[in-house]
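Novice: Before we start, here is the structure in question, set down as structure tokens.
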Amino acid sequence: MDTNCGNWLRSSSKKESWRTTLLLAYQSLGVVYGDLSISPLYVYKSTFAEDISHSETNEEIFGVLSFVFWTLTLVPLFKYVFVVLRADDNGEGGTFALYSLLCRHAKVSLLPNRQVADESLSTYKLEGPPEINNSSWLKTKLEKHKCLHTALLILVLLGTCMVIGDGVLTPAISVFSAVSGLELSMSKEHHQYAVVPITCVILICLFALQHYGTHRVGMFFAPVVLVWLICISALGLYNIIHWNPQVYQALSPYYMYKFLKKTKKGGWMSLGGILLCITGSEAMFADLGHFSYTAIQIAFSFLVYPALILAYMGQAAYLSRHHLMETSYRVGFYVSVPESVRWPVLVIAILASVVGSQAIISGTFSIINQSQSLGCFPRVKVVHTSDKVHGQIYIPEINWMLMVLCLAVAVGFRNTKHLGNASGLAVMTVMLVTTCLTSLVIVLCWHKPPILALAFLLFFGSIEALYFSASLYKFLDGAWLPILLALILMTVMFVWHYATIKKYEFDLHNKVSLEWLLALGPSLGIARVPGIGLVYTDLTSGIPANFSRFVTNLPAFHRVLIFVCVKSVPVPFVPRSERYLVGRVGPPTHRSYRCIVRYGYRDVHQDVHSFETELVDRLADFIRFDWSRTHHNSSPSFQDVISHSAESTSECRLTVIGAVAFSGPPAYEMEETVEPASVSVGFETVESMTDVIEMEQTGLQRRVRFAVDNESERDERFETDVQLREELEDLLAAQQAGSAFILGHSYMKAKQGSSIFKRAAIDVGYNFLSKNCRGPDVVLRVPPVSTLEVGMVYIV
């Protein structure tokens, strides 16, 4: 009977798992496949624009169909679904996921704030034992040469910039191609003056709605794409059966050979249009974190891939029986749609193009947020549009810049050919970068033989290089745009990253010793004022120079001093129980602490109120734990990680303090109350045999209770317990007095004798960007009324 019950539970769990997977597969249609599914709107039209013409032998159309079929099969299906999707970083995908994997398995990161304690994070998992990790000659070579670190970063930035460029081009070409269906229902004169304005209106509405967040309209995304896929599948089947059932013969790779043999250079140039059939494939990997490997695999293999193949075959079947080539729209998507359903298909196509555009816009926001978290992008304001769905963000500055660029592209190009050339080059560059990074992951992270990685690189890299060369050849016909955008964005990102590193190195070499801080006292005219002083710094140890400048100009600092370092680690997420590294700066009587707050590149930064409250909670936990560890020689009952400061041995070690309970009575207990507040401090015996100090502050609706065990050794521990209570009371009093956020306001200047490139990057580039981007108070969500900015000149 028990066996039957166990089998029933396992069966029920398995059914629930499959139900969840299928639901995720359905939801992925609207987010992942919006861009890929609308490519039939413009592939044939871009391919037959000028380079080749459709003859009565049908060799051209069959050759193009053969190229489309094998390109869809090899790149999205084999490369992404079966290989690249497995190179996930704790379930996350994208360019930065590959880069973070490489940074964890080899010391190739240029970010200088790496700590040994970071490797103890539960998400900082490494594949293979250390002896295997250290045996790779490729790893040794990469770690040895810093120029290779820079080259790897440039490669990642190139892929990132091309994704942002795709965020400009995809909405323009998608909406323009969908609206161009009107050309079959109106004269040429009216069509020229109607399509562009309608496209611009739709784009303006799309970007104007971004601040509401994807979650408000996301429920409509999957049904729209599902209806669109069913629509193009039905149209494809109808055209195949009605016009040319023999079109399946074109799936043979022999037709690719015949195509290139007949068209020669023109056929090679037309590959720039054929590659548009895989635009949006990179979204399968980039959006992996929102779904799962199995869900994306099922959705593509059993629905998206067959629907796309049927759509392209149906268009080819129609064109094989219609050889009229007077105008370019004769090979467009809508010409193969029966006239009786043309208007409903047009409406569905416009909705699908909006969904595809929304997906790439959201992806652009995400990748810019990741770039900013790793110090590779100027500071921008990130707004989280959903409290329930993680990762849905909105960046106002980027949104309006994208809108202006999209409108400029749509108005400036006004045809699918140039838009397709530009979009194709951007997409193919991202795919080449992904292929290169994945081949490194195969060796360094999966520990496979280098020959296997080389085979992967040569096979898929050669296919993508062929398409890339065809797109690059059309530099003057639109392909110049993504290159120009990438050069501008890469310059901005590299200058910002370079200056950020130089600024960190300046802080590191000019930090103040701990002895200087401990020497500050009343004898020097230094006063300690009530409240908490949160000194933000990039340093993980030592006293930052901007704090010494602050004390020099204003000889006072707060009773409780916390040096806060908000740092990013090469993992997608840091669990909240592992986020805070807390330690003392000086003896307990000084009331100075260090807190390193670690975030992953996809983590959501907290607002200042929740962050301040949680920081004080974690600090109180640390105080109790530290007194227990120091005076009672007891170890914590939770899983903690201890790390010694690598820079200063006079600082206490840092401890990971998580949101989990200690053994025994709690150090403190927060209770909400609506009673009028009063002050009472005293001892009393309670039924739980626990000594309690109860203190309530006037004007606050909060009761704070500190408790200490009442055991037989109470007399021996009394003095220690009193000091513990005093420190906790000081922390509470400081919190109630208010907090001040001390930030550095820096101006950087290159040293005399620096190279012209360094002077241009620091004196011109970085200072211009820092003046015209958001301040650190916006990024860290610090309230302006509580902010103290300390100006400093950095000579780097």
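Ordering of the structure tokens sets the chain letters (A, B, ...), residue numbers begin anew at 1 in every chain, and ligands are numbered from 1 in the order given.
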Which residues are close to range 57-60 of chain A, i.e. within 8 Å by only C-alpha atoms, leaving aside same-chain residues fewer than 6 positions away? Reply as a short mmCIF file (atom, residue, chain, number, x, y, z; two decimals) with N, CA and C atoms, in the first residue's frame.
Specialist:
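This is the output file part17.cif:
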```cif
data_model
loop_
_atom_site.label_atom_id
_atom_site.label_comp_id
_atom_site.auth_asym_id
_atom_site.auth_seq_id
_atom_site.Cartn_x
_atom_site.Cartn_y
_atom_site.Cartn_z
N TYR A 255 20.28 21.99 -54.06
CA TYR A 255 19.76 23.22 -54.63
C TYR A 255 20.58 24.45 -54.19
N LYS A 258 23.33 24.47 -56.79
CA LYS A 258 22.83 24.96 -58.07
C LYS A 258 22.60 26.48 -58.02
N PHE A 259 22.11 26.94 -56.88
CA PHE A 259 21.84 28.37 -56.72
C PHE A 259 23.12 29.19 -56.84
N THR A 263 23.98 31.85 -59.84
CA THR A 263 23.95 33.29 -59.52
C THR A 263 25.32 33.87 -59.21
N SER A 320 6.90 30.02 -57.05
CA SER A 320 7.31 29.12 -58.14
C SER A 320 6.27 29.08 -59.25
#
```
Novice: Ile241 in chain A: which residues within 12 Å, counting only C-alpha atoms, same-chain residues fewer than 5 positions away excluded, as a list in words?
Specialist: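 The neighbour list is Ala234, Leu235, Gly236, Gln246, Val247, Tyr248, Leu310, Met313, Gly314, Gln315, Ala316, Ala317 and Tyr318 of chain A.
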Novice: Give the answer as one residue: which of A:Gly775, A:Gly420, A:Pro396, A:Gly289 has the shortest atom-to-atom distance to Leu271 in chain A, using only C-alpha atoms?
Specialist: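 Answer, going by the shortest atom-to-atom distance: A:Gly420.
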Novice: Can you pull out the residues contacting Leu65 in chain A? Cut-off 8 Å, using only C-alpha atoms, and skip same-chain residues under 4 positions away; I want them as a PyMOL selection string.
Specialist: chain A and resi 61+69+250-251+312-313+316
Novice: Please identify every residue of range 481-552 of chain A that has at least one atom no farther than 9 Å from an atom of range 164-182 of chain A, counting only C-alpha atoms, and for each give the shortest atom pair and the distance in Å to one decimal, arranged by chain then increasing number, as CSV.
Specialist:
```
residue,atom,partner,partner_atom,distance
A:Leu481,CA,A:Gly165,CA,8.5
A:Pro482,CA,A:Gly165,CA,5.7
A:Ile483,CA,A:Gly165,CA,8.7
A:Leu485,CA,A:Gly165,CA,6.3
A:Ala486,CA,A:Gly165,CA,6.9
A:Leu489,CA,A:Ile164,CA,8.7
```
Novice: May I have the residues within 7 Å of Gly94 in chain A as a list in words, using only C-alpha atoms and disregarding those fewer than 2 positions away in the same chain?
Specialist: Phe96, Ala97, Leu98, Phe285 and Ala286 of chain A
Novice: With N, CA and C atoms retained, write the just-selected residues as a PDB file, in the first residue's frame.
Specialist:
```pdb
ATOM      1  N   PHE A  96      26.827  38.133 -21.258  1.00  0.00           N
ATOM      2  CA  PHE A  96      27.447  38.310 -19.948  1.00  0.00           C
ATOM      3  C   PHE A  96      27.460  37.010 -19.152  1.00  0.00           C
ATOM      4  N   ALA A  97      26.536  36.116 -19.418  1.00  0.00           N
ATOM      5  CA  ALA A  97      26.570  34.814 -18.751  1.00  0.00           C
ATOM      6  C   ALA A  97      27.815  34.031 -19.184  1.00  0.00           C
ATOM      7  N   LEU A  98      28.108  34.042 -20.475  1.00  0.00           N
ATOM      8  CA  LEU A  98      29.316  33.376 -20.961  1.00  0.00           C
ATOM      9  C   LEU A  98      30.564  34.036 -20.390  1.00  0.00           C
ATOM     10  N   PHE A 285      18.853  32.172 -26.107  1.00  0.00           N
ATOM     11  CA  PHE A 285      19.883  32.081 -25.082  1.00  0.00           C
ATOM     12  C   PHE A 285      19.822  33.262 -24.124  1.00  0.00           C
ATOM     13  N   ALA A 286      19.569  34.457 -24.661  1.00  0.00           N
ATOM     14  CA  ALA A 286      19.554  35.647 -23.817  1.00  0.00           C
ATOM     15  C   ALA A 286      18.429  35.607 -22.781  1.00  0.00           C
TER      16      ALA A 286
END
```
Novice: Which residues are near Val551 in chain A? Cut-off 10 Å, only C-alpha atoms, ignore same chain within fewer than 3 positions. Put them as a list in words.
Specialist: Leu517, Leu520, Ile526, Ala527, Asn546, Phe547, Ser548, Leu554, Pro555, Ala556 and Phe557 of chain A
Novice: For CA of Glu726 in chain A and CA of Ile543 in chain A, quote the distance in Å rounded to one decimal.
Specialist: 25.3 Å
Novice: With distances taken over only C-alpha atoms, which of A:Tyr747, A:Phe741, A:Trp400, A:Phe622 is nearest to Gly531 in chain A?
Specialist: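 The shortest atom-to-atom distance to Gly531 in chain A comes from A:Phe741.
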